[in-house]
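To be precise, the following lines are entry_34.pdb, and they hold PDB, C-alpha atoms, pLDDT in the B column.
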```pdb
ATOM      1  CA  GLU N  17     108.910  91.295  94.234  1.00 78.00           C
ATOM      2  CA  LEU N  18     106.626  92.945  91.720  1.00 83.00           C
ATOM      3  CA  LYS N  19     107.355  91.703  88.213  1.00 90.00           C
ATOM      4  CA  VAL N  20     105.791  92.565  84.898  1.00 95.00           C
ATOM      5  CA  GLU N  21     106.895  90.584  81.881  1.00 95.00           C
ATOM      6  CA  GLN N  22     105.978  91.216  78.306  1.00 97.00           C
ATOM      7  CA  ASN N  23     106.342  88.759  75.478  1.00 97.00           C
ATOM      8  CA  PRO N  24     107.781  89.098  73.003  1.00 96.00           C
ATOM      9  CA  LEU N  25     110.314  91.862  73.608  1.00 95.00           C
ATOM     10  CA  PHE N  26     110.761  92.404  69.885  1.00 95.00           C
ATOM     11  CA  LEU N  27     108.273  91.657  67.178  1.00 93.00           C
ATOM     12  CA  SER N  28     108.576  92.101  63.434  1.00 94.00           C
ATOM     13  CA  MET N  29     105.456  91.384  61.519  1.00 91.00           C
ATOM     14  CA  GLN N  30     104.220  91.880  58.018  1.00 94.00           C
ATOM     15  CA  GLU N  31     101.476  94.262  57.165  1.00 95.00           C
ATOM     16  CA  GLY N  32      98.102  92.620  57.167  1.00 95.00           C
ATOM     17  CA  LYS N  33      98.998  89.944  59.719  1.00 95.00           C
ATOM     18  CA  ASN N  34      97.569  89.420  63.200  1.00 96.00           C
ATOM     19  CA  TYR N  35      99.558  89.063  66.381  1.00 94.00           C
ATOM     20  CA  THR N  36      99.258  89.187  70.160  1.00 96.00           C
ATOM     21  CA  ILE N  37     101.467  90.762  72.804  1.00 97.00           C
ATOM     22  CA  TYR N  38     101.297  89.186  76.250  1.00 98.00           C
ATOM     23  CA  CYS N  39     101.684  90.884  79.606  1.00 97.00           C
ATOM     24  CA  ASN N  40     102.136  88.665  82.674  1.00 96.00           C
ATOM     25  CA  TYR N  41     102.434  90.055  86.162  1.00 95.00           C
ATOM     26  CA  SER N  42     103.458  88.563  89.462  1.00 92.00           C
ATOM     27  CA  THR N  43     100.811  89.604  91.948  1.00 89.00           C
ATOM     28  CA  THR N  44      97.207  90.651  92.246  1.00 87.00           C
ATOM     29  CA  SER N  45      96.129  93.709  90.314  1.00 87.00           C
ATOM     30  CA  ASP N  46      92.618  94.912  89.644  1.00 82.00           C
ATOM     31  CA  ARG N  47      93.450  97.189  86.742  1.00 89.00           C
ATOM     32  CA  LEU N  48      95.949  97.559  83.965  1.00 94.00           C
ATOM     33  CA  TYR N  49      96.991 100.222  81.485  1.00 94.00           C
ATOM     34  CA  TRP N  50      98.451  99.925  77.995  1.00 97.00           C
ATOM     35  CA  TYR N  51     100.640 102.666  76.566  1.00 96.00           C
ATOM     36  CA  ARG N  52     102.274 103.277  73.223  1.00 97.00           C
ATOM     37  CA  GLN N  53     105.632 105.012  72.747  1.00 96.00           C
ATOM     38  CA  ASP N  54     107.127 106.141  69.449  1.00 95.00           C
ATOM     39  CA  PRO N  55     110.942 106.388  69.329  1.00 90.00           C
ATOM     40  CA  GLY N  56     112.190 109.334  71.374  1.00 86.00           C
ATOM     41  CA  LYS N  57     108.640 110.406  72.159  1.00 91.00           C
ATOM     42  CA  SER N  58     106.323 110.378  75.130  1.00 94.00           C
ATOM     43  CA  LEU N  59     103.909 107.684  76.232  1.00 95.00           C
ATOM     44  CA  GLU N  60     100.400 107.748  74.860  1.00 94.00           C
ATOM     45  CA  SER N  61      97.599 106.057  76.758  1.00 93.00           C
ATOM     46  CA  LEU N  62      95.841 103.369  74.733  1.00 96.00           C
ATOM     47  CA  PHE N  63      93.604 101.428  77.086  1.00 95.00           C
ATOM     48  CA  VAL N  64      92.539 101.343  80.701  1.00 93.00           C
ATOM     49  CA  LEU N  65      91.250  97.930  81.802  1.00 94.00           C
ATOM     50  CA  LEU N  66      89.435  98.174  85.108  1.00 89.00           C
ATOM     51  CA  SER N  67      88.065  94.725  85.849  1.00 85.00           C
ATOM     52  CA  ASN N  68      88.454  91.027  85.239  1.00 86.00           C
ATOM     53  CA  GLY N  69      87.255  90.125  81.770  1.00 88.00           C
ATOM     54  CA  ALA N  70      87.470  93.706  80.522  1.00 90.00           C
ATOM     55  CA  VAL N  71      87.927  94.010  76.776  1.00 94.00           C
ATOM     56  CA  LYS N  72      88.508  97.248  74.930  1.00 96.00           C
ATOM     57  CA  GLN N  73      89.014  97.892  71.243  1.00 97.00           C
ATOM     58  CA  GLU N  74      90.271 100.861  69.301  1.00 95.00           C
ATOM     59  CA  GLY N  75      90.809 100.454  65.595  1.00 96.00           C
ATOM     60  CA  ARG N  76      93.120  97.507  64.948  1.00 96.00           C
ATOM     61  CA  LEU N  77      94.054  97.111  68.612  1.00 97.00           C
ATOM     62  CA  MET N  78      92.147  95.124  71.200  1.00 98.00           C
ATOM     63  CA  ALA N  79      93.176  94.681  74.824  1.00 98.00           C
ATOM     64  CA  SER N  80      91.861  92.250  77.412  1.00 97.00           C
ATOM     65  CA  LEU N  81      92.442  91.535  81.076  1.00 96.00           C
ATOM     66  CA  ASP N  82      92.270  88.277  83.017  1.00 94.00           C
ATOM     67  CA  THR N  83      93.003  89.148  86.634  1.00 92.00           C
ATOM     68  CA  LYS N  84      92.798  85.544  87.797  1.00 93.00           C
ATOM     69  CA  ALA N  85      95.506  84.478  85.355  1.00 94.00           C
ATOM     70  CA  ARG N  86      97.384  87.746  85.955  1.00 95.00           C
ATOM     71  CA  LEU N  87      97.497  88.214  82.212  1.00 96.00           C
ATOM     72  CA  SER N  88      96.652  90.923  79.762  1.00 97.00           C
ATOM     73  CA  THR N  89      96.853  90.701  75.998  1.00 98.00           C
ATOM     74  CA  LEU N  90      97.107  93.308  73.269  1.00 98.00           C
ATOM     75  CA  HIS N  91      95.906  91.913  69.962  1.00 97.00           C
ATOM     76  CA  ILE N  92      96.800  93.522  66.679  1.00 96.00           C
ATOM     77  CA  THR N  93      94.565  92.848  63.709  1.00 96.00           C
ATOM     78  CA  ALA N  94      95.686  93.330  60.108  1.00 92.00           C
ATOM     79  CA  ALA N  95      98.743  95.328  61.095  1.00 91.00           C
ATOM     80  CA  VAL N  96      99.623  98.545  59.302  1.00 93.00           C
ATOM     81  CA  HIS N  97     102.891 100.467  59.318  1.00 93.00           C
ATOM     82  CA  ASP N  98     101.490 103.207  61.608  1.00 94.00           C
ATOM     83  CA  LEU N  99     101.323 100.692  64.447  1.00 96.00           C
ATOM     84  CA  SER N 100     105.119 100.417  64.614  1.00 96.00           C
ATOM     85  CA  ALA N 101     106.026 101.533  68.147  1.00 97.00           C
ATOM     86  CA  THR N 102     106.920 100.197  71.571  1.00 97.00           C
ATOM     87  CA  TYR N 103     103.974  99.028  73.645  1.00 97.00           C
ATOM     88  CA  PHE N 104     104.010  98.938  77.433  1.00 97.00           C
ATOM     89  CA  CYS N 105     101.615  97.366  79.867  1.00 97.00           C
ATOM     90  CA  ALA N 106     101.395  98.729  83.401  1.00 95.00           C
ATOM     91  CA  PRO N 107      99.425  96.931  86.097  1.00 93.00           C
ATOM     92  CA  TYR N 108      98.464  98.843  89.193  1.00 89.00           C
ATOM     93  CA  PHE N 109      99.701  97.057  92.328  1.00 86.00           C
ATOM     94  CA  GLY N 110      98.654  99.654  94.840  1.00 80.00           C
ATOM     95  CA  ASN N 111     100.679 102.266  96.706  1.00 74.00           C
ATOM     96  CA  GLU N 112      99.720 104.853  94.113  1.00 75.00           C
ATOM     97  CA  LYS N 113     102.232 103.765  91.470  1.00 78.00           C
ATOM     98  CA  LEU N 114     102.213 101.976  88.143  1.00 85.00           C
ATOM     99  CA  THR N 115     104.786  99.295  87.418  1.00 90.00           C
ATOM    100  CA  PHE N 116     105.670  99.191  83.751  1.00 93.00           C
ATOM    101  CA  GLY N 117     106.530  96.104  81.767  1.00 94.00           C
ATOM    102  CA  THR N 118     109.683  95.704  79.745  1.00 93.00           C
ATOM    103  CA  GLY N 119     107.973  96.904  76.593  1.00 95.00           C
ATOM    104  CA  THR N 120     107.438  95.194  73.254  1.00 96.00           C
ATOM    105  CA  ARG N 121     109.061  96.858  70.268  1.00 96.00           C
ATOM    106  CA  LEU N 122     106.807  96.261  67.314  1.00 96.00           C
ATOM    107  CA  THR N 123     108.004  96.764  63.739  1.00 96.00           C
ATOM    108  CA  ILE N 124     105.573  96.397  60.878  1.00 95.00           C
ATOM    109  CA  ILE N 125     107.221  95.420  57.627  1.00 92.00           C
ATOM    110  CA  PRO N 126     105.557  96.374  54.334  1.00 86.00           C
TER     111      PRO N 126
ATOM    112  CA  ASP A  13      99.535 116.688  72.940  1.00 83.00           C
ATOM    113  CA  SER A  14      98.699 115.487  76.462  1.00 86.00           C
ATOM    114  CA  GLY A  15      98.612 118.959  78.017  1.00 93.00           C
ATOM    115  CA  VAL A  16     101.549 118.160  80.296  1.00 97.00           C
ATOM    116  CA  THR A  17     104.580 120.351  79.651  1.00 97.00           C
ATOM    117  CA  GLN A  18     108.183 119.720  80.594  1.00 98.00           C
ATOM    118  CA  THR A  19     111.253 121.915  80.343  1.00 97.00           C
ATOM    119  CA  PRO A  20     113.897 121.751  79.148  1.00 97.00           C
ATOM    120  CA  LYS A  21     113.595 119.228  76.337  1.00 97.00           C
ATOM    121  CA  HIS A  22     117.274 118.435  76.371  1.00 97.00           C
ATOM    122  CA  LEU A  23     119.952 118.938  78.979  1.00 97.00           C
ATOM    123  CA  ILE A  24     123.639 118.164  78.718  1.00 98.00           C
ATOM    124  CA  THR A  25     125.759 118.522  81.808  1.00 98.00           C
ATOM    125  CA  ALA A  26     128.894 117.177  83.442  1.00 98.00           C
ATOM    126  CA  THR A  27     129.326 114.649  86.209  1.00 98.00           C
ATOM    127  CA  GLY A  28     129.010 116.095  89.676  1.00 98.00           C
ATOM    128  CA  GLN A  29     126.669 118.865  88.583  1.00 98.00           C
ATOM    129  CA  ARG A  30     123.102 119.579  89.680  1.00 98.00           C
ATOM    130  CA  VAL A  31     120.101 120.135  87.422  1.00 98.00           C
ATOM    131  CA  THR A  32     116.422 120.939  87.838  1.00 98.00           C
ATOM    132  CA  LEU A  33     113.702 119.566  85.622  1.00 98.00           C
ATOM    133  CA  ARG A  34     110.350 121.271  85.514  1.00 98.00           C
ATOM    134  CA  CYS A  35     106.867 119.948  84.886  1.00 98.00           C
ATOM    135  CA  SER A  36     103.497 121.648  84.544  1.00 98.00           C
ATOM    136  CA  PRO A  37     100.530 119.299  84.836  1.00 97.00           C
ATOM    137  CA  ARG A  38      97.352 119.414  82.792  1.00 96.00           C
ATOM    138  CA  SER A  39      94.877 122.009  83.916  1.00 95.00           C
ATOM    139  CA  GLY A  40      92.856 120.597  86.790  1.00 92.00           C
ATOM    140  CA  ASP A  41      95.205 117.710  87.567  1.00 94.00           C
ATOM    141  CA  LEU A  42      96.372 117.491  91.158  1.00 94.00           C
ATOM    142  CA  SER A  43      98.823 114.609  90.913  1.00 94.00           C
ATOM    143  CA  VAL A  44     102.270 114.728  89.380  1.00 96.00           C
ATOM    144  CA  TYR A  45     104.433 111.654  88.842  1.00 95.00           C
ATOM    145  CA  TRP A  46     108.081 111.440  87.843  1.00 97.00           C
ATOM    146  CA  TYR A  47     109.537 108.539  85.876  1.00 96.00           C
ATOM    147  CA  GLN A  48     113.000 107.687  84.611  1.00 96.00           C
ATOM    148  CA  GLN A  49     113.458 105.756  81.377  1.00 95.00           C
ATOM    149  CA  SER A  50     116.816 104.257  80.530  1.00 93.00           C
ATOM    150  CA  LEU A  51     117.932 101.412  78.305  1.00 86.00           C
ATOM    151  CA  ASP A  52     119.109  99.202  81.155  1.00 84.00           C
ATOM    152  CA  GLN A  53     116.460  99.973  83.793  1.00 85.00           C
ATOM    153  CA  GLY A  54     113.422 100.473  81.596  1.00 89.00           C
ATOM    154  CA  LEU A  55     110.668 102.801  82.754  1.00 92.00           C
ATOM    155  CA  GLN A  56     110.826 103.306  86.520  1.00 93.00           C
ATOM    156  CA  PHE A  57     108.569 105.240  88.832  1.00 92.00           C
ATOM    157  CA  LEU A  58     110.456 107.765  90.954  1.00 96.00           C
ATOM    158  CA  ILE A  59     108.007 109.777  93.018  1.00 95.00           C
ATOM    159  CA  GLN A  60     104.472 111.149  93.142  1.00 94.00           C
ATOM    160  CA  TYR A  61     102.982 114.337  94.567  1.00 95.00           C
ATOM    161  CA  TYR A  62      99.346 115.010  95.138  1.00 93.00           C
ATOM    162  CA  ASN A  63      98.195 118.565  95.770  1.00 94.00           C
ATOM    163  CA  GLY A  64     101.555 119.570  97.130  1.00 95.00           C
ATOM    164  CA  GLU A  65     102.170 116.543  99.328  1.00 95.00           C
ATOM    165  CA  GLU A  66     104.452 113.613  98.641  1.00 95.00           C
ATOM    166  CA  ARG A  67     102.206 110.627  98.061  1.00 92.00           C
ATOM    167  CA  ALA A  68     104.376 107.731  96.927  1.00 91.00           C
ATOM    168  CA  LYS A  69     108.026 106.981  96.482  1.00 92.00           C
ATOM    169  CA  GLY A  70     109.620 104.535  94.111  1.00 91.00           C
ATOM    170  CA  ASN A  71     113.227 103.859  93.186  1.00 84.00           C
ATOM    171  CA  ILE A  72     114.396 107.405  93.715  1.00 94.00           C
ATOM    172  CA  LEU A  73     118.009 107.911  94.675  1.00 95.00           C
ATOM    173  CA  GLU A  74     118.907 110.027  97.687  1.00 96.00           C
ATOM    174  CA  ARG A  75     120.718 112.410  95.318  1.00 97.00           C
ATOM    175  CA  PHE A  76     117.349 113.149  93.712  1.00 97.00           C
ATOM    176  CA  SER A  77     114.557 115.187  95.233  1.00 97.00           C
ATOM    177  CA  ALA A  78     111.307 116.680  94.060  1.00 98.00           C
ATOM    178  CA  GLN A  79     108.612 119.048  95.155  1.00 97.00           C
ATOM    179  CA  GLN A  80     105.243 120.292  94.018  1.00 98.00           C
ATOM    180  CA  PHE A  81     104.477 123.962  94.386  1.00 97.00           C
ATOM    181  CA  PRO A  82     101.182 125.688  95.297  1.00 96.00           C
ATOM    182  CA  ASP A  83     100.460 126.304  91.602  1.00 96.00           C
ATOM    183  CA  LEU A  84     100.848 122.503  91.172  1.00 96.00           C
ATOM    184  CA  HIS A  85     103.903 122.588  88.947  1.00 97.00           C
ATOM    185  CA  SER A  86     106.664 120.257  90.031  1.00 98.00           C
ATOM    186  CA  GLU A  87     110.421 120.209  89.924  1.00 98.00           C
ATOM    187  CA  LEU A  88     112.776 117.249  90.024  1.00 98.00           C
ATOM    188  CA  ASN A  89     116.240 118.077  91.313  1.00 98.00           C
ATOM    189  CA  LEU A  90     119.128 115.800  90.432  1.00 98.00           C
ATOM    190  CA  SER A  91     122.450 116.399  92.151  1.00 97.00           C
ATOM    191  CA  SER A  92     125.965 114.933  92.129  1.00 97.00           C
ATOM    192  CA  LEU A  93     125.170 113.625  88.697  1.00 98.00           C
ATOM    193  CA  GLU A  94     126.748 110.420  87.447  1.00 97.00           C
ATOM    194  CA  LEU A  95     127.038 109.010  83.964  1.00 96.00           C
ATOM    195  CA  GLY A  96     124.375 106.443  84.838  1.00 95.00           C
ATOM    196  CA  ASP A  97     121.839 109.202  85.436  1.00 97.00           C
ATOM    197  CA  SER A  98     121.668 109.844  81.704  1.00 97.00           C
ATOM    198  CA  ALA A  99     118.096 109.005  80.783  1.00 97.00           C
ATOM    199  CA  LEU A 100     114.770 110.307  79.621  1.00 97.00           C
ATOM    200  CA  TYR A 101     112.805 111.789  82.523  1.00 97.00           C
ATOM    201  CA  PHE A 102     109.057 111.891  82.170  1.00 97.00           C
ATOM    202  CA  CYS A 103     106.494 113.731  84.166  1.00 97.00           C
ATOM    203  CA  ALA A 104     102.888 112.557  84.178  1.00 95.00           C
ATOM    204  CA  SER A 105      99.790 114.040  85.725  1.00 94.00           C
ATOM    205  CA  SER A 106      96.349 112.846  86.695  1.00 92.00           C
ATOM    206  CA  VAL A 107      93.211 114.306  88.198  1.00 88.00           C
ATOM    207  CA  GLY A 108      93.349 112.185  91.325  1.00 80.00           C
ATOM    208  CA  THR A 109      95.677 109.480  92.429  1.00 75.00           C
ATOM    209  CA  SER A 110      96.339 106.073  90.890  1.00 70.00           C
ATOM    210  CA  GLY A 111      94.469 104.628  93.829  1.00 67.00           C
ATOM    211  CA  ALA A 112      91.433 106.535  92.641  1.00 66.00           C
ATOM    212  CA  GLN A 113      91.668 104.956  89.173  1.00 70.00           C
ATOM    213  CA  SER A 114      92.958 108.142  87.614  1.00 79.00           C
ATOM    214  CA  GLU A 115      94.598 107.797  84.234  1.00 85.00           C
ATOM    215  CA  GLN A 116      98.089 109.262  83.921  1.00 90.00           C
ATOM    216  CA  TYR A 117      98.968 111.590  81.042  1.00 93.00           C
ATOM    217  CA  PHE A 118     102.621 111.866  80.139  1.00 95.00           C
ATOM    218  CA  GLY A 119     104.642 114.905  79.180  1.00 97.00           C
ATOM    219  CA  PRO A 120     107.145 114.981  76.299  1.00 96.00           C
ATOM    220  CA  GLY A 121     110.080 114.232  78.583  1.00 97.00           C
ATOM    221  CA  THR A 122     113.465 115.762  79.300  1.00 97.00           C
ATOM    222  CA  ARG A 123     116.472 113.994  77.861  1.00 97.00           C
ATOM    223  CA  LEU A 124     119.377 114.301  80.276  1.00 98.00           C
ATOM    224  CA  THR A 125     122.880 113.520  79.109  1.00 97.00           C
ATOM    225  CA  VAL A 126     125.654 113.457  81.693  1.00 97.00           C
ATOM    226  CA  THR A 127     129.161 113.610  80.238  1.00 97.00           C
TER     227      THR A 127
END
```
This structure in structure tokens:
Amino acid sequence: ELKVEQNPLFLSMQEGKNYTIYCNYSTTSDRLYWYRQDPGKSLESLFVLLSNGAVKQEGRLMASLDTKARLSTLHITAAVHDLSATYFCAPYFGNEKLTFGTGTRLTIIP
Amino acid sequence: DSGVTQTPKHLITATGQRVTLRCSPRSGDLSVYWYQQSLDQGLQFLIQYYNGEERAKGNILERFSAQQFPDLHSELNLSSLELGDSALYFCASSVGTSGAQSEQYFGPGTRLTVT
């Protein structure tokens, strides 16, 4: 069974702090996507990680992929209120479809 | 704005009814994907079309069907609706297929409420 687990499910953090969201998946995947979703809104693509060891950064967000450990991380640096959202990882397991994680609801507290 | 459009934005209907959701992909995209997002099931892949042909199937109920037309827009038909079908339905599009490393761009979604 294909499983994608994100930790934590809920995260409240203070502005200015650093934190990491973890995405573990159950079987081999050679690429992984991170998306952001604001409440009641659509999904916005953040990162596409296409190989083992891939690291991508955009502003205060940095994503990495370790295909051997079946793990991706999304690191938040010096959080600001605008980063409050739900973040989803989605590994590609083949058969043309993405399998989305449970999501991590991030709330940044002033 | 991703360039993917979906109509309607909101839909309220009664159990047992049938509805059609519509999606227009980004210009140049050949693939259309349908997803269902609900509180208990999370975000689930339903079905994918590529250039008019069904390409992949996920957890789509038999009461649901979809198609992609020659102009590449797609429709998702939901019939014999049940309360549990209430959800946010997203359409996404990509240039190629996921197998070809194509990134998916999501539409704004249709919120379906079954009463």
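Comparing A:Tyr117, A:Tyr61, A:Tyr101, A:Phe81 by their smallest distance to A:Tyr47, the closest is A:Tyr101 (using all atoms listed in the file).
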**OP:** Using only C-alpha atoms, select each residue of chain N with any atom at most 8 Å away from an atom of chain A, and give the selection as a PyMOL selection string.
**Re:** chain N and resi 57-61+64+108+110-118
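Nearest-residue note for N:Asp54: choosing from N:Val71, N:Ala101, N:Ala106, N:Ile124, the minimum distance belongs to N:Ala101, counting only C-alpha atoms.
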Selection near N:Trp50, 9 Å with all atoms listed in the file, sequence-local residues under 2 positions removed, as a PDB file with C-alpha atoms, in the frame of the given file:
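Resulting contents of around_1.pdb:
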```pdb
ATOM      1  CA  LEU N  48      95.949  97.559  83.965  1.00 94.00           C
ATOM      2  CA  ARG N  52     102.274 103.277  73.223  1.00 97.00           C
ATOM      3  CA  GLU N  60     100.400 107.748  74.860  1.00 94.00           C
ATOM      4  CA  SER N  61      97.599 106.057  76.758  1.00 93.00           C
ATOM      5  CA  LEU N  62      95.841 103.369  74.733  1.00 96.00           C
ATOM      6  CA  PHE N  63      93.604 101.428  77.086  1.00 95.00           C
ATOM      7  CA  VAL N  64      92.539 101.343  80.701  1.00 93.00           C
ATOM      8  CA  LEU N  65      91.250  97.930  81.802  1.00 94.00           C
ATOM      9  CA  ALA N  79      93.176  94.681  74.824  1.00 98.00           C
ATOM     10  CA  LEU N  90      97.107  93.308  73.269  1.00 98.00           C
ATOM     11  CA  TYR N 103     103.974  99.028  73.645  1.00 97.00           C
ATOM     12  CA  PHE N 104     104.010  98.938  77.433  1.00 97.00           C
ATOM     13  CA  CYS N 105     101.615  97.366  79.867  1.00 97.00           C
ATOM     14  CA  ALA N 106     101.395  98.729  83.401  1.00 95.00           C
ATOM     15  CA  PRO N 107      99.425  96.931  86.097  1.00 93.00           C
TER      16      PRO N 107
END
```
**OP:** Write out as a list of chain:residue names which residues come within 9 Å of N:Tyr41 when counting only C-alpha atoms, dropping same-chain ones fewer than 6 positions away.
**Re:**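 Near N:Tyr41, the qualifying residues are N:Leu18, N:Lys19, N:Val20, N:Glu21, N:Gln22, N:Ala85, N:Arg86, N:Leu87, N:Ser88, N:Pro107, N:Gly117.
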Selection to disk with C-alpha atoms, as a PDB file, keeping the file's coordinate frame:
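So selection-v2.pdb came out as:
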```pdb
ATOM      1  CA  LEU N  18     106.626  92.945  91.720  1.00 83.00           C
ATOM      2  CA  LYS N  19     107.355  91.703  88.213  1.00 90.00           C
ATOM      3  CA  VAL N  20     105.791  92.565  84.898  1.00 95.00           C
ATOM      4  CA  GLU N  21     106.895  90.584  81.881  1.00 95.00           C
ATOM      5  CA  GLN N  22     105.978  91.216  78.306  1.00 97.00           C
ATOM      6  CA  ALA N  85      95.506  84.478  85.355  1.00 94.00           C
ATOM      7  CA  ARG N  86      97.384  87.746  85.955  1.00 95.00           C
ATOM      8  CA  LEU N  87      97.497  88.214  82.212  1.00 96.00           C
ATOM      9  CA  SER N  88      96.652  90.923  79.762  1.00 97.00           C
ATOM     10  CA  PRO N 107      99.425  96.931  86.097  1.00 93.00           C
ATOM     11  CA  GLY N 117     106.530  96.104  81.767  1.00 94.00           C
TER      12      GLY N 117
END
```
Original post:
Hey, what's within 12 Å of A:Thr25 if we count only C-alpha atoms and toss same-chain stuff fewer than 3 positions away? As a ChimeraX atom specification, please?
Top reply: /A:22,28-32,90-95,97-98,123-127
**OP:** Could you please determine the separation between atom CA of A:Asp41 and atom CA of A:Leu88 in Å, to one decimal place?
**Re:**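 For atom CA of A:Asp41 relative to atom CA of A:Leu88, the distance reads 17.7 Å.
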